[in-house]
Every structure is written in structure tokens, then in C-alpha cells.
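K.L.:
The structure file final.csv (CSV, C-alpha atoms) is provided below.
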chain,number,residue,atom,x,y,z
A,1,ASP,CA,-72.1,157.1,-214.0
A,2,GLN,CA,-71.1,158.2,-210.5
A,3,GLN,CA,-73.7,160.7,-209.4
A,4,VAL,CA,-71.9,161.4,-206.1
A,5,LYS,CA,-68.2,161.8,-206.1
A,6,GLN,CA,-65.6,162.1,-203.4
A,7,ASN,CA,-62.4,163.0,-205.3
A,8,SER,CA,-60.0,162.6,-202.3
A,9,PRO,CA,-59.6,159.0,-201.4
A,10,SER,CA,-57.6,159.9,-198.3
A,11,LEU,CA,-56.9,162.8,-196.0
A,12,SER,CA,-54.5,163.2,-193.1
A,13,VAL,CA,-54.9,165.9,-190.5
A,14,GLN,CA,-53.1,166.8,-187.3
A,15,GLU,CA,-55.1,166.3,-184.1
A,16,GLY,CA,-56.9,169.6,-183.1
A,17,ARG,CA,-56.9,171.0,-186.6
A,18,ILE,CA,-59.8,171.1,-189.0
A,19,SER,CA,-60.7,168.2,-191.3
A,20,ILE,CA,-62.6,169.2,-194.5
A,21,LEU,CA,-64.1,166.4,-196.5
A,22,ASN,CA,-65.5,167.2,-199.9
A,23,CYS,CA,-68.3,165.8,-202.0
A,24,ASP,CA,-69.6,166.7,-205.4
A,25,TYR,CA,-72.8,165.6,-207.1
A,26,THR,CA,-74.4,165.9,-210.5
A,27,ASN,CA,-78.1,165.7,-210.0
A,28,SER,CA,-79.8,168.9,-209.0
A,29,MET,CA,-82.9,167.0,-208.0
A,30,PHE,CA,-81.3,165.5,-204.9
A,31,ASP,CA,-83.2,166.7,-201.9
A,32,TYR,CA,-81.2,165.4,-199.0
A,33,PHE,CA,-77.6,164.9,-198.3
A,34,LEU,CA,-76.0,162.8,-195.6
A,35,TRP,CA,-72.6,161.9,-194.3
A,36,TYR,CA,-71.8,158.5,-192.9
A,37,LYS,CA,-68.8,157.3,-190.9
A,38,LYS,CA,-67.4,153.8,-191.3
A,39,TYR,CA,-64.8,152.0,-189.2
A,40,PRO,CA,-63.2,148.9,-190.7
A,41,ALA,CA,-65.3,145.7,-190.5
A,42,GLU,CA,-68.3,147.7,-189.4
A,43,GLY,CA,-71.4,149.0,-191.1
A,44,PRO,CA,-71.6,152.8,-191.8
A,45,THR,CA,-73.2,155.0,-189.1
A,46,PHE,CA,-75.1,158.1,-189.7
A,47,LEU,CA,-73.3,161.3,-188.9
A,48,ILE,CA,-75.1,164.4,-190.1
A,49,SER,CA,-77.4,165.4,-192.8
A,50,ILE,CA,-78.7,168.5,-194.6
A,51,SER,CA,-81.8,169.3,-196.6
A,52,SER,CA,-81.4,170.9,-200.0
A,53,ILE,CA,-83.2,174.0,-198.7
A,54,LYS,CA,-80.5,174.7,-196.3
A,55,ASP,CA,-76.8,175.7,-196.8
A,56,LYS,CA,-75.4,174.7,-193.4
A,57,ASN,CA,-76.1,172.3,-190.6
A,58,GLU,CA,-74.1,172.0,-187.4
A,59,ASP,CA,-73.9,169.3,-184.8
A,60,GLY,CA,-71.2,169.7,-182.2
A,61,ARG,CA,-67.8,169.3,-183.9
A,62,PHE,CA,-69.4,168.5,-187.2
A,63,THR,CA,-70.7,171.0,-189.8
A,64,VAL,CA,-72.0,170.2,-193.2
A,65,PHE,CA,-72.1,173.0,-195.9
A,66,LEU,CA,-74.1,172.8,-199.0
A,67,ASN,CA,-73.4,174.9,-202.1
A,68,LYS,CA,-76.2,174.0,-204.5
A,69,SER,CA,-75.0,176.2,-207.3
A,70,ALA,CA,-71.7,174.4,-207.3
A,71,LYS,CA,-73.4,171.0,-206.5
A,72,HIS,CA,-70.9,170.6,-203.7
A,73,LEU,CA,-71.1,169.8,-200.1
A,74,SER,CA,-68.4,169.5,-197.5
A,75,LEU,CA,-68.1,168.1,-194.0
A,76,HIS,CA,-66.0,170.1,-191.5
A,77,ILE,CA,-64.7,168.4,-188.3
A,78,VAL,CA,-63.2,170.8,-185.8
A,79,PRO,CA,-61.3,170.1,-183.7
A,80,SER,CA,-60.3,166.8,-185.2
A,81,GLN,CA,-59.6,163.9,-182.9
A,82,PRO,CA,-57.8,160.6,-183.4
A,83,GLY,CA,-61.2,158.8,-182.9
A,84,ASP,CA,-62.4,160.5,-186.0
A,85,SER,CA,-60.1,158.4,-188.1
A,86,ALA,CA,-62.5,156.4,-190.3
A,87,VAL,CA,-63.8,156.3,-193.9
A,88,TYR,CA,-66.5,159.0,-194.5
A,89,PHE,CA,-69.1,158.5,-197.2
A,90,CYS,CA,-71.4,161.2,-198.5
A,91,ALA,CA,-74.7,160.2,-199.8
A,92,ALA,CA,-77.5,161.9,-201.7
A,93,SER,CA,-81.2,161.1,-201.7
A,94,GLY,CA,-83.1,161.0,-204.9
A,95,ASN,CA,-85.3,158.1,-206.1
A,96,GLN,CA,-82.7,156.1,-204.2
A,97,PHE,CA,-79.6,156.8,-202.2
A,98,TYR,CA,-76.4,157.3,-204.0
A,99,PHE,CA,-73.1,157.0,-202.1
A,100,GLY,CA,-69.8,158.5,-202.8
A,101,THR,CA,-66.6,156.4,-203.0
A,102,GLY,CA,-65.5,157.5,-199.5
A,103,THR,CA,-62.6,159.4,-198.0
A,104,SER,CA,-60.3,157.8,-195.5
A,105,LEU,CA,-59.5,160.3,-192.8
A,106,THR,CA,-56.5,159.8,-190.6
A,107,VAL,CA,-56.2,162.1,-187.6
A,108,ILE,CA,-52.6,162.1,-186.4
A,109,PRO,CA,-52.1,162.5,-182.6
B,110,GLY,CA,-83.1,154.6,-182.4
B,111,ALA,CA,-83.7,152.2,-185.2
B,112,VAL,CA,-81.4,149.2,-185.1
B,113,VAL,CA,-80.5,146.7,-187.8
B,114,SER,CA,-79.0,143.5,-186.6
B,115,GLN,CA,-76.8,141.5,-189.1
B,116,HIS,CA,-75.5,138.0,-188.5
B,117,PRO,CA,-73.0,136.5,-188.7
B,118,SER,CA,-70.4,139.1,-188.4
B,119,TRP,CA,-67.8,136.9,-190.1
B,120,VAL,CA,-67.9,133.5,-191.7
B,121,ILE,CA,-65.3,131.3,-193.4
B,122,CYS,CA,-66.6,128.7,-195.8
B,123,LYS,CA,-65.2,126.3,-198.3
B,124,SER,CA,-65.5,126.9,-202.0
B,125,GLY,CA,-68.7,125.5,-203.4
B,126,THR,CA,-70.8,125.7,-200.3
B,127,SER,CA,-73.5,128.2,-199.6
B,128,VAL,CA,-73.7,130.9,-196.9
B,129,LYS,CA,-76.7,132.6,-195.5
B,130,ILE,CA,-76.5,136.1,-194.0
B,131,GLU,CA,-79.4,137.5,-191.9
B,132,CYS,CA,-80.5,141.1,-191.5
B,133,ARG,CA,-83.2,141.9,-189.0
B,134,SER,CA,-84.8,145.2,-188.1
B,135,LEU,CA,-85.1,145.1,-184.3
B,136,ASP,CA,-87.5,147.9,-183.4
B,137,PHE,CA,-89.2,148.9,-186.6
B,138,GLN,CA,-90.7,147.3,-189.7
B,139,ALA,CA,-88.7,147.4,-192.9
B,140,THR,CA,-90.7,146.7,-196.0
B,141,THR,CA,-87.6,147.4,-197.9
B,142,MET,CA,-84.0,146.4,-197.1
B,143,PHE,CA,-80.9,146.9,-199.2
B,144,TRP,CA,-77.9,144.7,-199.6
B,145,TYR,CA,-74.4,146.2,-200.3
B,146,ARG,CA,-71.0,144.8,-201.0
B,147,GLN,CA,-67.8,146.5,-200.2
B,148,PHE,CA,-64.5,145.6,-201.8
B,149,PRO,CA,-61.3,146.7,-200.1
B,150,LYS,CA,-60.8,150.4,-200.4
B,151,GLN,CA,-63.9,150.8,-202.5
B,152,SER,CA,-67.3,152.3,-202.0
B,153,LEU,CA,-70.5,150.5,-201.0
B,154,MET,CA,-71.9,148.8,-204.0
B,155,LEU,CA,-75.7,148.3,-204.0
B,156,MET,CA,-76.4,144.7,-204.9
B,157,ALA,CA,-80.1,144.4,-204.6
B,158,THR,CA,-83.2,145.9,-203.0
B,159,SER,CA,-85.2,143.4,-201.0
B,160,ASN,CA,-88.9,143.9,-200.9
B,161,GLU,CA,-91.1,142.2,-198.3
B,162,GLY,CA,-93.3,139.6,-199.8
B,163,SER,CA,-92.0,140.0,-203.4
B,164,LYS,CA,-89.0,139.4,-205.5
B,165,ALA,CA,-85.8,141.3,-204.9
B,166,THR,CA,-84.7,143.9,-207.4
B,167,TYR,CA,-81.1,143.3,-208.5
B,168,GLU,CA,-78.6,145.9,-209.7
B,169,GLN,CA,-77.1,145.4,-213.1
B,170,GLY,CA,-74.3,142.9,-213.1
B,171,VAL,CA,-75.4,141.1,-209.9
B,172,GLU,CA,-76.2,137.4,-210.4
B,173,LYS,CA,-79.6,136.8,-209.0
B,174,ASP,CA,-79.1,133.0,-209.0
B,175,LYS,CA,-75.9,133.4,-207.0
B,176,PHE,CA,-77.1,135.9,-204.5
B,177,LEU,CA,-80.5,134.7,-203.4
B,178,ILE,CA,-82.5,137.2,-201.4
B,179,ASN,CA,-85.5,136.4,-199.3
B,180,HIS,CA,-87.6,139.0,-197.4
B,181,ALA,CA,-90.3,136.8,-195.9
B,182,SER,CA,-91.3,139.2,-193.1
B,183,LEU,CA,-91.3,142.9,-192.3
B,184,THR,CA,-88.3,142.4,-190.0
B,185,LEU,CA,-86.1,139.8,-191.7
B,186,SER,CA,-84.2,139.7,-195.0
B,187,THR,CA,-81.7,137.1,-195.9
B,188,LEU,CA,-78.9,136.9,-198.4
B,189,THR,CA,-77.6,133.5,-199.5
B,190,VAL,CA,-74.4,133.3,-201.4
B,191,THR,CA,-74.8,130.1,-203.3
B,192,SER,CA,-71.8,127.9,-204.5
B,193,ALA,CA,-69.4,130.5,-203.1
B,194,HIS,CA,-66.1,131.0,-204.7
B,195,PRO,CA,-63.0,132.9,-203.4
B,196,GLU,CA,-63.9,135.9,-205.6
B,197,ASP,CA,-67.1,136.2,-203.5
B,198,SER,CA,-65.0,137.0,-200.5
B,199,SER,CA,-66.1,140.5,-199.4
B,200,PHE,CA,-67.8,142.5,-196.8
B,201,TYR,CA,-71.6,142.4,-197.1
B,202,ILE,CA,-73.8,145.0,-195.4
B,203,CYS,CA,-77.5,145.3,-195.2
B,204,SER,CA,-79.5,148.4,-194.5
B,205,ALA,CA,-83.1,149.6,-194.1
B,206,ARG,CA,-84.9,152.9,-194.4
B,207,THR,CA,-86.3,154.0,-191.0
B,208,GLY,CA,-88.8,156.2,-192.6
B,209,GLU,CA,-87.2,159.3,-191.4
B,210,ILE,CA,-85.3,160.8,-194.3
B,211,VAL,CA,-83.1,162.9,-192.1
B,212,TYR,CA,-81.3,159.7,-191.0
B,213,GLY,CA,-81.3,158.0,-194.4
B,214,TYR,CA,-80.4,154.4,-193.9
B,215,THR,CA,-79.7,152.4,-190.8
B,216,PHE,CA,-77.0,149.9,-191.5
B,217,GLY,CA,-76.2,146.5,-190.1
B,218,SER,CA,-72.8,145.8,-188.7
B,219,GLY,CA,-71.7,143.9,-191.8
B,220,THR,CA,-70.6,140.3,-192.5
B,221,ARG,CA,-67.0,139.5,-193.5
B,222,LEU,CA,-67.2,136.5,-195.9
B,223,THR,CA,-64.0,134.6,-196.7
B,224,VAL,CA,-64.3,131.7,-199.1
B,225,VAL,CA,-61.3,129.3,-199.0
Please rewrite the model in this file as C-alpha cells.

P.N.:
Amino acid sequence: DQQVKQNSPSLSVQEGRISILNCDYTNSMFDYFLWYKKYPAEGPTFLISISSIKDKNEDGRFTVFLNKSAKHLSLHIVPSQPGDSAVYFCAASGNQFYFGTGTSLTVIP
Amino acid sequence: GAVVSQHPSWVICKSGTSVKIECRSLDFQATTMFWYRQFPKQSLMLMATSNEGSKATYEQGVEKDKFLINHASLTLSTLTVTSAHPEDSSFYICSARTGEIVYGYTFGSGTRLTVV
């Protein structure tokens, strides 16, 4: 059973616009949420995280929002750049880490 | 920051041979490392948890005799794909916890295995 879900396998956004990547989870006991970025043939790299006691964390162009009541988190990238084109995985921390299935973001110049 | 080095980055082998992939934590000690497999256009699938000085813990459906994991030191874990077959062709990634939950895992750069 997938405890972390990313229902959009792909997303295309025009350069300069906002990219919004969504993630849903089922376990209310998760205490930390993270986003990773992955280029083809490379390992994922950490992007941004948020504790379950917060509802927003911002780092430059990247902001993660957490809605605990909805068990939903989202990653906002603004403005989007072509170099942001990659697969984005959300992950949740419980007794282990659970990864979503990933969303492939394409930023169109 | 914490770095995990994974080698080789790509390997081509003949069917029936074995391939060893190394994962090293360069500036920290990793008592636990994780091995993932990624199929094209799919998520990371946890294969096994590698524990220093003890047997690895394999996820359901992963053949422990086929994917041998050794974690002999606090900085090195190896994954050996034994008697490889074309269906084992995939992208294998290792990772380790740095101890700081805010960063989660640090990942190796991955190994592209092609079995011909």
C-alpha cells in the first residue's frame, strides 16, 4: 500500500511561471516531509524539508506547504527555470522513509 | 556536507556473471545504508537495508541470494548482483542517513547496470 502518493506523473510549466507539485500521504504519524530532485542517471538530491509542526518552509525559489488535516503537501517553485526540469520525489519520515512515485517536471523555455 | 560515493556509475556485463556495486560514506560513518532500484519512469524501490556488522534486511519480493549485500565497515556497503540476467538491468542507488533528519537521506550517484 502506497503511503506517499504523487498523483501527477508529469507537469509542464512555462519558464518564469509557478510550478506546483503535489503529494498526499496516509499516515498521520509521519513527522518529517522532504522533497528530492532527481536528474536522469543520477541519485536524488535533497531539496527542502518541513517538520510536521510547521505548515510552511521557504528556501529561495522553493516553498513547501503542509496541510496536516488534508494529509497533503506541495512544493512551489517560482519562478520556474529550465534547469528545474527533473523528477521530484516527496518523502515522508516515519519508522522508515517512504517515497512517492515522482513527478516529472518540464520547464519550457 | 555528507557525501555518499557510489561506484561504478555504469556497468555492462554478460548474462550469468556477477557485478559488485560499492557505496561509501566519505565524511561520516553510516551504520545503516539503503539500496534502491529504479525502473524506468517508476519510483525508487527499497530493496534492502544494510546494517554494519550484521545481515541485511531485505524487502518483500527481493531475492537475498541474488542481491548479496555486505556492510563490513562503517563506511562501506556493497551490493553484488549474482548471476545477472537482462531483467536485472536497472538503475541501482544507495543511500545513508546522515543523522540529521532535516536532510533525510544522502544518496549516491547511482549505478546503471545493463546485462546483455

K.L.:
Using all atoms listed in the file, determine which residues lie at most 10 Å from stretch 115-128 of chain B, disregarding the query and same-chain residues fewer than 5 positions distant; provide the list as a PDB file with C-alpha atoms, in the frame of the given file.

P.N.:
ATOM      1  CA  ALA A  41     -65.300 145.700-190.500  1.00  0.00           C
ATOM      2  CA  GLU A  42     -68.300 147.700-189.400  1.00  0.00           C
ATOM      3  CA  GLY A  43     -71.400 149.000-191.100  1.00  0.00           C
TER       4      GLY A  43
ATOM      5  CA  ARG B 133     -83.200 141.900-189.000  1.00  0.00           C
ATOM      6  CA  SER B 134     -84.800 145.200-188.100  1.00  0.00           C
ATOM      7  CA  LYS B 175     -75.900 133.400-207.000  1.00  0.00           C
ATOM      8  CA  PHE B 176     -77.100 135.900-204.500  1.00  0.00           C
ATOM      9  CA  LEU B 185     -86.100 139.800-191.700  1.00  0.00           C
ATOM     10  CA  SER B 186     -84.200 139.700-195.000  1.00  0.00           C
ATOM     11  CA  THR B 187     -81.700 137.100-195.900  1.00  0.00           C
ATOM     12  CA  LEU B 188     -78.900 136.900-198.400  1.00  0.00           C
ATOM     13  CA  THR B 189     -77.600 133.500-199.500  1.00  0.00           C
ATOM     14  CA  VAL B 190     -74.400 133.300-201.400  1.00  0.00           C
ATOM     15  CA  THR B 191     -74.800 130.100-203.300  1.00  0.00           C
ATOM     16  CA  SER B 192     -71.800 127.900-204.500  1.00  0.00           C
ATOM     17  CA  ALA B 193     -69.400 130.500-203.100  1.00  0.00           C
ATOM     18  CA  HIS B 194     -66.100 131.000-204.700  1.00  0.00           C
ATOM     19  CA  PRO B 195     -63.000 132.900-203.400  1.00  0.00           C
ATOM     20  CA  GLU B 196     -63.900 135.900-205.600  1.00  0.00           C
ATOM     21  CA  ASP B 197     -67.100 136.200-203.500  1.00  0.00           C
ATOM     22  CA  SER B 198     -65.000 137.000-200.500  1.00  0.00           C
ATOM     23  CA  PHE B 200     -67.800 142.500-196.800  1.00  0.00           C
ATOM     24  CA  TYR B 201     -71.600 142.400-197.100  1.00  0.00           C
ATOM     25  CA  ILE B 202     -73.800 145.000-195.400  1.00  0.00           C
ATOM     26  CA  CYS B 203     -77.500 145.300-195.200  1.00  0.00           C
ATOM     27  CA  SER B 204     -79.500 148.400-194.500  1.00  0.00           C
ATOM     28  CA  PHE B 216     -77.000 149.900-191.500  1.00  0.00           C
ATOM     29  CA  GLY B 217     -76.200 146.500-190.100  1.00  0.00           C
ATOM     30  CA  SER B 218     -72.800 145.800-188.700  1.00  0.00           C
ATOM     31  CA  GLY B 219     -71.700 143.900-191.800  1.00  0.00           C
ATOM     32  CA  THR B 220     -70.600 140.300-192.500  1.00  0.00           C
ATOM     33  CA  ARG B 221     -67.000 139.500-193.500  1.00  0.00           C
ATOM     34  CA  LEU B 222     -67.200 136.500-195.900  1.00  0.00           C
ATOM     35  CA  THR B 223     -64.000 134.600-196.700  1.00  0.00           C
ATOM     36  CA  VAL B 224     -64.300 131.700-199.100  1.00  0.00           C
ATOM     37  CA  VAL B 225     -61.300 129.300-199.000  1.00  0.00           C
TER      38      VAL B 225
END

K.L.:
Which is closest to chain B among A:Val64, A:Val78, A:Ile108, A:Ile48, if we use all atoms listed in the file?

P.N.:
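So, comparing all the options, the nearest one is A:Ile48.
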
K.L.:
Hey, can you check how far atom CA of A:Lys54 sits from atom CA of A:Asn7?

P.N.:
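Answer for the atom CA of A:Lys54 to atom CA of A:Asn7 separation: 23.4 Å.
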
K.L.:
How close does chain A get to chain B? List, as a tab-separated table, each residue of chain A within 12 Å, its nearest atom pair and the distance in Å to one decimal, counting all atoms listed in the file.

P.N.:
residue	atom	partner	partner_atom	distance
A:Gln2	CA	B:Ser152	CA	11.0
A:Val4	CA	B:Ser152	CA	11.0
A:Lys5	CA	B:Ser152	CA	10.4
A:Gln6	CA	B:Ser152	CA	10.0
A:Pro9	CA	B:Lys150	CA	8.7
A:Ser10	CA	B:Lys150	CA	10.2
A:Asp31	CA	B:Ile210	CA	9.8
A:Tyr32	CA	B:Val211	CA	7.6
A:Phe33	CA	B:Val211	CA	8.5
A:Leu34	CA	B:Gly213	CA	7.3
A:Trp35	CA	B:Gly213	CA	9.5
A:Tyr36	CA	B:Tyr214	CA	9.6
A:Lys37	CA	B:Phe216	CA	11.1
A:Lys38	CA	B:Ser218	CA	10.0
A:Tyr39	CA	B:Ser218	CA	10.1
A:Pro40	CA	B:Pro149	CA	9.8
A:Ala41	CA	B:Gly219	CA	6.8
A:Glu42	CA	B:Ser218	CA	4.9
A:Gly43	CA	B:Ser218	CA	4.2
A:Pro44	CA	B:Phe216	CA	6.1
A:Thr45	CA	B:Phe216	CA	6.8
A:Phe46	CA	B:Tyr212	CA	6.5
A:Leu47	CA	B:Tyr212	CA	8.4
A:Ile48	CA	B:Tyr212	CA	7.8
A:Ser49	CA	B:Val211	CA	6.3
A:Ile50	CA	B:Val211	CA	7.5
A:Ser51	CA	B:Val211	CA	7.9
A:Ser52	CA	B:Val211	CA	11.4
A:Asn57	CA	B:Val211	CA	11.8
A:Ala86	CA	B:Lys150	CA	11.9
A:Val87	CA	B:Lys150	CA	9.3
A:Tyr88	CA	B:Ser152	CA	10.1
A:Phe89	CA	B:Ser152	CA	8.0
A:Cys90	CA	B:Ser152	CA	10.4
A:Ala91	CA	B:Gly213	CA	8.8
A:Ala92	CA	B:Gly213	CA	9.1
A:Ser93	CA	B:Gly213	CA	7.9
A:Gly94	CA	B:Ile210	CA	10.8
A:Gln96	CA	B:Gly213	CA	10.1
A:Phe97	CA	B:Gly213	CA	8.1
A:Tyr98	CA	B:Leu155	CA	9.0
A:Phe99	CA	B:Leu153	CA	7.1
A:Gly100	CA	B:Ser152	CA	6.7
A:Thr101	CA	B:Ser152	CA	4.3
A:Gly102	CA	B:Ser152	CA	6.0
A:Thr103	CA	B:Ser152	CA	9.4
A:Ser104	CA	B:Lys150	CA	8.9

K.L.:
Have a look at atom CA of A:Pro79 and atom CA of A:Arg17 and let me know their distance in Å, one decimal.

P.N.:
5.3 Å

K.L.:
Interatomic distance between atom CA of A:Ser12 and atom CA of A:Asp84?

P.N.:
11.0 Å

K.L.:
With all atoms listed in the file as the basis for distance, which of A:Thr106, A:Val13, A:Asp24, A:Gln3 is at the shortest distance from A:Leu73?

P.N.:
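Using all atoms listed in the file, the shortest distance to A:Leu73 belongs to A:Asp24.
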
K.L.:
Leaving out A:Ser80 and any residue of its chain fewer than 4 positions from it, which residues lie within 6 Å of it when counting all atoms listed in the file, given as number ranges by chain?

P.N.:
A: 15-18

K.L.:
Residues near B:Ala181, anyone? I mean within 10 Å using only C-alpha atoms, not counting same-chain ones fewer than 3 positions away, as a list in words.

P.N.:
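So, after excluding close chain neighbours, the residues are Thr140, Ser159, Asn160, Glu161, Gly162, Ser163, Ile178, Thr184, Leu185, Ser186 and Thr187 of chain B.
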
K.L.:
Any chance you can output those residues with C-alpha atoms as a tab-separated table (two decimals), in the coordinates of the input?

P.N.:
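Below is the file that was written, part.tsv:
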chain	number	residue	atom	x	y	z
B	140	THR	CA	-90.70	146.70	-196.00
B	159	SER	CA	-85.20	143.40	-201.00
B	160	ASN	CA	-88.90	143.90	-200.90
B	161	GLU	CA	-91.10	142.20	-198.30
B	162	GLY	CA	-93.30	139.60	-199.80
B	163	SER	CA	-92.00	140.00	-203.40
B	178	ILE	CA	-82.50	137.20	-201.40
B	184	THR	CA	-88.30	142.40	-190.00
B	185	LEU	CA	-86.10	139.80	-191.70
B	186	SER	CA	-84.20	139.70	-195.00
B	187	THR	CA	-81.70	137.10	-195.90

K.L.:
Which residue out of B:Ser199, B:Lys129, B:Lys164, B:Thr158 has the minimum interatomic distance to B:Thr141 when only C-alpha atoms are used?

P.N.:
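For B:Thr141, the nearest of the candidates is B:Thr158.
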
K.L.:
Between B:Ser114, B:Gln138, B:Thr166, B:Gln147, which one has atoms that come closest to B:Leu183, using all atoms listed in the file?

P.N.:
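Distance minimum relative to B:Leu183 lands on B:Gln138.
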
K.L.:
Can you save stretch 175-189 of chain B of the given block to a file, including N, CA and C atoms and formatted as a PDB file, in the first residue's frame?

P.N.:
ATOM      1  N   LYS B 175      20.204 -13.460  -4.622  1.00  0.00           N
ATOM      2  CA  LYS B 175      20.577 -12.859  -5.884  1.00  0.00           C
ATOM      3  C   LYS B 175      21.252 -11.504  -5.662  1.00  0.00           C
ATOM      4  N   PHE B 176      20.754 -10.792  -4.691  1.00  0.00           N
ATOM      5  CA  PHE B 176      21.292  -9.467  -4.387  1.00  0.00           C
ATOM      6  C   PHE B 176      21.991  -9.543  -3.024  1.00  0.00           C
ATOM      7  N   LEU B 177      23.287  -9.829  -3.093  1.00  0.00           N
ATOM      8  CA  LEU B 177      24.060 -10.014  -1.875  1.00  0.00           C
ATOM      9  C   LEU B 177      24.555  -8.667  -1.370  1.00  0.00           C
ATOM     10  N   ILE B 178      24.294  -8.408  -0.104  1.00  0.00           N
ATOM     11  CA  ILE B 178      24.702  -7.150   0.497  1.00  0.00           C
ATOM     12  C   ILE B 178      25.666  -7.417   1.626  1.00  0.00           C
ATOM     13  N   ASN B 179      26.768  -6.674   1.604  1.00  0.00           N
ATOM     14  CA  ASN B 179      27.771  -6.781   2.645  1.00  0.00           C
ATOM     15  C   ASN B 179      28.067  -5.389   3.176  1.00  0.00           C
ATOM     16  N   HIS B 180      28.076  -5.264   4.485  1.00  0.00           N
ATOM     17  CA  HIS B 180      28.334  -3.958   5.120  1.00  0.00           C
ATOM     18  C   HIS B 180      29.401  -4.184   6.180  1.00  0.00           C
ATOM     19  N   ALA B 181      30.635  -4.358   5.699  1.00  0.00           N
ATOM     20  CA  ALA B 181      31.707  -4.802   6.567  1.00  0.00           C
ATOM     21  C   ALA B 181      32.299  -3.696   7.425  1.00  0.00           C
ATOM     22  N   SER B 182      32.103  -2.449   7.033  1.00  0.00           N
ATOM     23  CA  SER B 182      32.653  -1.351   7.822  1.00  0.00           C
ATOM     24  C   SER B 182      31.636  -0.232   7.912  1.00  0.00           C
ATOM     25  N   LEU B 183      31.936   0.758   8.715  1.00  0.00           N
ATOM     26  CA  LEU B 183      31.006   1.871   8.916  1.00  0.00           C
ATOM     27  C   LEU B 183      30.953   2.818   7.727  1.00  0.00           C
ATOM     28  N   THR B 184      31.820   2.593   6.731  1.00  0.00           N
ATOM     29  CA  THR B 184      31.828   3.493   5.588  1.00  0.00           C
ATOM     30  C   THR B 184      31.634   2.786   4.255  1.00  0.00           C
ATOM     31  N   LEU B 185      31.420   1.484   4.270  1.00  0.00           N
ATOM     32  CA  LEU B 185      31.322   0.768   3.005  1.00  0.00           C
ATOM     33  C   LEU B 185      30.236  -0.287   3.034  1.00  0.00           C
ATOM     34  N   SER B 186      29.366  -0.221   2.041  1.00  0.00           N
ATOM     35  CA  SER B 186      28.387  -1.272   1.812  1.00  0.00           C
ATOM     36  C   SER B 186      28.489  -1.673   0.349  1.00  0.00           C
ATOM     37  N   THR B 187      28.373  -2.962   0.076  1.00  0.00           N
ATOM     38  CA  THR B 187      28.428  -3.426  -1.304  1.00  0.00           C
ATOM     39  C   THR B 187      27.191  -4.231  -1.642  1.00  0.00           C
ATOM     40  N   LEU B 188      26.774  -4.094  -2.881  1.00  0.00           N
ATOM     41  CA  LEU B 188      25.666  -4.871  -3.430  1.00  0.00           C
ATOM     42  C   LEU B 188      26.213  -5.685  -4.585  1.00  0.00           C
ATOM     43  N   THR B 189      26.096  -6.989  -4.513  1.00  0.00           N
ATOM     44  CA  THR B 189      26.533  -7.859  -5.593  1.00  0.00           C
ATOM     45  C   THR B 189      25.320  -8.494  -6.249  1.00  0.00           C
TER      46      THR B 189
END
